[in-house]
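Text of the file data-v9.txt, holding compact mmCIF, C-alpha atoms and all ligand atoms:
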```txt
# COMPACT_ATOMS: atom_id res chain seq x y z
CA MET A 716 97.01 126.54 75.80
CA ILE A 717 97.23 123.27 73.86
CA ARG A 718 99.98 124.75 71.70
CA LYS A 719 101.85 125.77 74.83
CA LEU A 720 101.51 122.24 76.24
CA GLN A 721 102.69 120.75 72.95
CA LEU A 722 105.73 123.00 72.98
CA MET A 723 106.47 122.11 76.58
CA THR A 724 106.17 118.38 75.88
CA LYS A 725 108.49 118.72 72.90
CA LYS A 726 110.98 120.64 74.98
CA ILE A 727 110.91 118.02 77.74
CA SER A 728 111.14 115.08 75.36
CA ASN A 729 114.14 116.69 73.65
CA SER A 730 115.86 117.60 76.85
CA LYS A 731 119.28 116.29 77.73
CA PHE A 732 117.75 114.49 80.67
CA THR A 733 115.28 112.55 78.53
CA ASN A 734 117.97 111.65 76.02
CA LYS A 735 120.23 110.46 78.79
CA PHE A 736 117.32 108.49 80.28
CA ARG A 737 116.53 106.90 76.89
CA ARG A 738 120.20 105.96 76.42
CA GLU A 739 120.26 104.38 79.86
CA GLU A 740 117.01 102.55 79.14
CA ASP A 741 118.50 101.23 75.88
CA ILE A 742 121.60 100.02 77.68
CA LEU A 743 119.43 98.38 80.32
CA HIS A 744 117.30 96.59 77.69
CA LYS A 745 120.41 95.37 75.89
CA PHE A 746 121.86 94.22 79.18
CA GLN A 747 118.62 92.41 80.10
CA ASN A 748 118.36 90.76 76.68
CA ASN A 749 121.98 89.65 76.82
CA LEU A 750 121.58 88.33 80.32
CA ALA A 751 118.31 86.55 79.53
CA LYS A 752 120.05 84.65 76.72
CA ASP A 753 122.01 82.71 79.35
CA PHE A 754 118.85 81.64 81.21
CA PRO A 755 116.87 78.95 79.34
CA LEU A 756 113.72 79.53 81.40
CA LEU A 757 113.68 83.28 80.75
CA LYS A 758 114.35 82.72 77.07
CA LYS A 759 111.72 80.02 76.62
CA ARG A 760 109.00 81.56 78.77
CA ARG A 761 109.79 85.17 77.75
CA ILE A 762 109.01 86.49 81.22
CA SER A 763 110.60 88.98 83.59
CA TYR A 764 111.33 87.29 86.86
CA LEU A 765 111.57 89.24 90.13
CA ASP A 766 111.56 86.57 92.85
CA SER A 767 115.29 85.76 92.88
CA SER A 768 115.64 86.04 96.65
CA ALA A 769 113.24 83.12 97.02
CA THR A 770 114.37 80.98 94.07
CA THR A 771 117.04 82.08 91.64
CA GLN A 772 116.78 81.14 87.98
CA LYS A 773 119.75 79.14 86.79
CA PRO A 774 121.87 80.05 83.76
CA LYS A 775 122.61 77.29 81.24
CA ILE A 776 126.19 76.92 82.45
CA VAL A 777 124.90 76.00 85.94
CA ILE A 778 122.23 73.63 84.62
CA ASP A 779 124.82 71.89 82.43
CA LYS A 780 127.27 71.60 85.30
CA LEU A 781 124.62 70.15 87.63
CA LYS A 782 123.66 67.62 84.98
CA ARG A 783 127.28 66.63 84.49
CA VAL A 784 127.89 66.29 88.24
CA TYR A 785 124.83 64.04 88.66
CA GLU A 786 125.80 61.98 85.62
CA MET A 787 129.54 61.69 86.34
CA HIS A 788 130.61 62.55 89.90
CA ASN A 789 127.67 62.26 92.29
CA ALA A 790 128.93 60.83 95.60
CA ASN A 791 129.46 61.71 99.25
CA SER A 792 132.32 64.13 99.74
CA HIS A 793 134.84 63.48 102.54
CA ARG A 794 133.41 60.07 103.30
CA GLY A 795 134.42 57.66 100.58
CA LEU A 796 137.71 56.10 99.51
CA TYR A 797 136.69 55.65 95.91
CA ASP A 798 137.19 57.73 92.80
CA ILE A 799 133.90 59.57 92.46
CA SER A 800 133.81 60.40 96.17
CA GLU A 801 137.30 61.88 95.97
CA GLU A 802 136.29 63.81 92.85
CA SER A 803 133.28 65.19 94.65
CA THR A 804 135.48 66.23 97.63
CA LYS A 805 137.84 68.06 95.27
CA MET A 806 134.96 69.79 93.49
CA LEU A 807 133.55 70.95 96.81
CA HIS A 808 136.91 72.42 97.84
CA ASP A 809 137.38 74.05 94.45
CA ALA A 810 133.93 75.63 94.68
CA ARG A 811 134.80 76.94 98.15
CA LYS A 812 137.96 78.54 96.74
CA VAL A 813 135.99 80.22 93.94
CA PHE A 814 133.43 81.66 96.36
CA ALA A 815 136.14 82.80 98.78
CA TYR A 816 137.89 84.62 95.93
CA PHE A 817 134.60 86.09 94.72
CA ILE A 818 133.72 87.69 98.08
CA ASN A 819 137.31 88.30 99.18
CA ALA A 820 137.13 85.87 102.10
CA SER A 821 139.29 82.99 103.21
CA THR A 822 138.21 79.44 102.36
CA GLU A 823 137.61 78.64 106.07
CA GLU A 824 134.99 81.38 106.13
CA ILE A 825 132.86 79.76 103.45
CA ILE A 826 130.07 77.56 104.74
CA PHE A 827 127.56 76.17 102.26
CA THR A 828 124.00 76.11 103.58
CA ARG A 829 120.69 75.16 102.00
CA ASN A 830 119.16 78.62 102.21
CA SER A 831 119.19 82.04 103.90
CA THR A 832 116.86 80.94 106.69
CA GLU A 833 119.16 78.11 107.71
CA ALA A 834 122.28 80.27 107.34
CA LEU A 835 120.92 83.15 109.43
CA ASN A 836 119.65 80.80 112.15
CA GLY A 837 123.13 79.26 112.17
CA ILE A 838 124.76 82.69 112.66
CA ALA A 839 122.30 83.68 115.41
CA ASN A 840 122.85 80.36 117.23
CA SER A 841 126.62 80.59 117.04
CA LEU A 842 126.59 84.22 118.29
CA GLU A 843 124.47 83.07 121.22
CA ARG A 844 127.24 80.69 122.22
CA THR A 845 130.08 83.17 121.76
CA LEU A 846 128.77 86.59 122.88
CA ASN A 847 127.27 87.96 126.05
CA PHE A 848 123.94 89.64 125.24
CA LYS A 849 123.25 91.05 128.71
CA ASN A 850 122.19 94.72 128.42
CA LYS A 851 122.71 94.58 124.66
CA ASN A 852 120.45 95.61 121.77
CA ILE A 853 119.69 93.52 118.70
CA VAL A 854 118.60 95.83 115.91
CA SER A 855 116.52 94.85 112.90
CA THR A 856 114.26 96.74 110.50
CA VAL A 857 110.56 96.56 109.62
CA ILE A 858 111.34 95.59 106.04
CA GLU A 859 113.33 92.43 106.74
CA HIS A 860 112.16 89.14 105.30
CA HIS A 861 111.18 86.59 107.97
CA SER A 862 114.44 84.73 107.35
CA ASN A 863 116.39 87.76 108.59
CA PHE A 864 113.94 88.79 111.30
CA VAL A 865 112.74 85.75 113.24
CA PRO A 866 116.26 84.41 114.07
CA TRP A 867 117.16 87.76 115.72
CA GLN A 868 113.79 88.09 117.42
CA GLN A 869 114.18 84.59 118.85
CA LEU A 870 117.80 85.25 119.83
CA SER A 871 116.74 88.31 121.81
CA LYS A 872 113.98 86.29 123.54
CA ARG A 873 116.46 83.58 124.51
CA THR A 874 119.20 85.93 125.68
CA GLY A 875 117.21 88.82 127.17
CA ALA A 876 118.75 91.32 124.74
CA LYS A 877 116.45 94.21 123.77
CA PHE A 878 115.01 93.65 120.28
CA ARG A 879 114.77 97.02 118.53
CA ILE A 880 113.11 97.54 115.20
CA VAL A 881 114.10 100.44 113.00
CA ASP A 882 111.60 101.99 110.60
CA PHE A 883 112.67 102.85 107.09
CA ASP A 884 112.37 105.92 104.97
CA ILE A 885 112.55 106.15 101.18
C1 LIG A 901 112.80 88.32 99.81
C2 LIG A 901 113.23 87.02 100.38
N1 LIG A 901 114.33 87.00 101.15
C3 LIG A 901 114.77 85.86 101.68
C4 LIG A 901 114.11 84.66 101.49
C5 LIG A 901 114.69 83.44 102.17
O1 LIG A 901 114.65 82.34 101.45
P1 LIG A 901 115.45 81.01 101.79
O2 LIG A 901 115.51 80.82 103.27
O3 LIG A 901 114.63 79.95 101.13
O4 LIG A 901 116.81 81.18 101.18
C6 LIG A 901 112.94 84.62 100.70
C7 LIG A 901 112.17 83.38 100.49
O5 LIG A 901 111.07 83.35 100.00
C8 LIG A 901 112.50 85.83 100.13
O6 LIG A 901 111.40 85.88 99.36
```

Since I need it in another form, could you write the structure as structure tokens?
Ligand SMILES: Cc1ncc(COP(=O)(O)O)c(C=O)c1O
Amino acid sequence: MIRKLQLMTKKISNSKFTNKFRREEDILHKFQNNLAKDFPLLKKRRISYLDSSATTQKPKIVIDKLKRVYEMHNANSHRGLYDISEESTKMLHDARKVFAYFINASTEEIIFTRNSTEALNGIANSLERTLNFKNKNIVSTVIEHHSNFVPWQQLSKRTGAKFRIVDFDI
């Protein structure tokens, strides 16, 4: 029996599937190691970090840029008639162009917000002003984070739309 099990284990561990899986795992590790190199915190603390939706770790290029902006250009955008304010206005517009290109949108469609909660509340509030929710359904799922659940729940309370929650299946 043990011999049979040993043979089976050997067969499985030599199988094409396992080899393919190992190759994919290798690629993933290389990818993770390469990626981690760009993130000082991940490199210094040697941790795996899984809470990016709440707070994203910053790569060195972002940290350096933030430092440079605070040291060289920090000023109100759109509100000052002096050099660093105009620089900060230009940087804001340039950033908007980059994001628009990145998600294939137009620059007018890019609105910078502080976080998802604020952004989603903003969308729900603006839909309330532009759409008629009478006899309509607002559909969410049981696995949504509060930031993408409460704004729709509240919108349905305010407008009388039926709030429907879809279960999930994995
Ligand atoms: C999974 C997940 N989604 C979304 C959010 C929303 O975060 P914020 O409104 O701070 O962007 C959080 C915050 O903790 C989160 O953990």

Exercise: region 824-839 of chain A partners within 6 Å, only C-alpha atoms, chain neighbours under 2 positions left out, as a ChimeraX atom specification: /A:821-822,841-842,862,866

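The smallest atom-to-atom distance between ligand LIG 901 (chain A) and any of A:Ile885, A:Val865, A:Ala815, A:Ala876, using only C-alpha atoms and all ligand atoms, is found for A:Val865.
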
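Computed from the coordinates, the CA of Ser855 (chain A) to CA of Gln868 (chain A) distance equals 8.6 Å.
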
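Nearest to ligand LIG 901 (chain A) of all the residues A:Phe754, A:Phe817, A:Tyr797, A:Phe864 is A:Phe864, based on all atoms listed in the file.
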
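Pairwise distance (atom O1 of ligand LIG 901 (chain A), CA of Arg794 (chain A)) equals 29.2 Å.
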
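Note that CA of Pro774 (chain A) and CA of Ile742 (chain A) are 20.9 Å apart.
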
Please put the answer as lines of an AutoDock Vina configuration file: centre and edge lengths, in Å with one decimal, of a box along x, y and z that encloses all listed atoms of ligand LIG 901 (chain A) plus 4 Å on each side.
```
center_x = 113.9
center_y = 84.1
center_z = 101.3
size_x = 13.7
size_y = 16.4
size_z = 11.9
```

Report as a PDB file with C-alpha atoms, in the coordinates of the input all protein, DNA and RNA residues lying within 10 Å of Val784 (chain A), evaluated on only C-alpha atoms, omitting residues in the same chain fewer than 3 positions from it.
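Once written, out-v7.pdb looks like this:
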```pdb
ATOM      1  CA  ILE A 778     122.230  73.630  84.620  1.00  0.00           C
ATOM      2  CA  ASP A 779     124.820  71.890  82.430  1.00  0.00           C
ATOM      3  CA  LYS A 780     127.270  71.600  85.300  1.00  0.00           C
ATOM      4  CA  LEU A 781     124.620  70.150  87.630  1.00  0.00           C
ATOM      5  CA  MET A 787     129.540  61.690  86.340  1.00  0.00           C
ATOM      6  CA  HIS A 788     130.610  62.550  89.900  1.00  0.00           C
ATOM      7  CA  ASN A 789     127.670  62.260  92.290  1.00  0.00           C
ATOM      8  CA  ALA A 790     128.930  60.830  95.600  1.00  0.00           C
ATOM      9  CA  ILE A 799     133.900  59.570  92.460  1.00  0.00           C
ATOM     10  CA  GLU A 802     136.290  63.810  92.850  1.00  0.00           C
ATOM     11  CA  SER A 803     133.280  65.190  94.650  1.00  0.00           C
ATOM     12  CA  MET A 806     134.960  69.790  93.490  1.00  0.00           C
TER      13      MET A 806
END
```

Protein/DNA/RNA residues near (117.7, 89.4, 121.3), cut 12 Å, only C-alpha atoms, as a ChimeraX atom specification: /A:839-840,842-843,846-855,864-880

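Distance annotation: of A:Leu756, A:His808, A:Leu765, A:Ser800, the residue with the minimal separation from ligand LIG 901 (chain A) is A:Leu765; atom set is all atoms listed in the file.
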
Which residue of A:Ala769, A:Val813, A:Ile818, A:Leu796 approaches ligand LIG 901 (chain A) most closely, using all atoms listed in the file: A:Ala769

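Of the residues under consideration (A:His793, A:Lys782, A:His861, A:Arg738), A:His861 shows the shortest atom-to-atom contact distance to ligand LIG 901 (chain A) when counting all atoms listed in the file.
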
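Of the residues listed (A:Asp884, A:Asp798, A:Asp766, A:Asp753), A:Asp766 shows the shortest atom-to-atom separation from ligand LIG 901 (chain A); distances use all atoms listed in the file.
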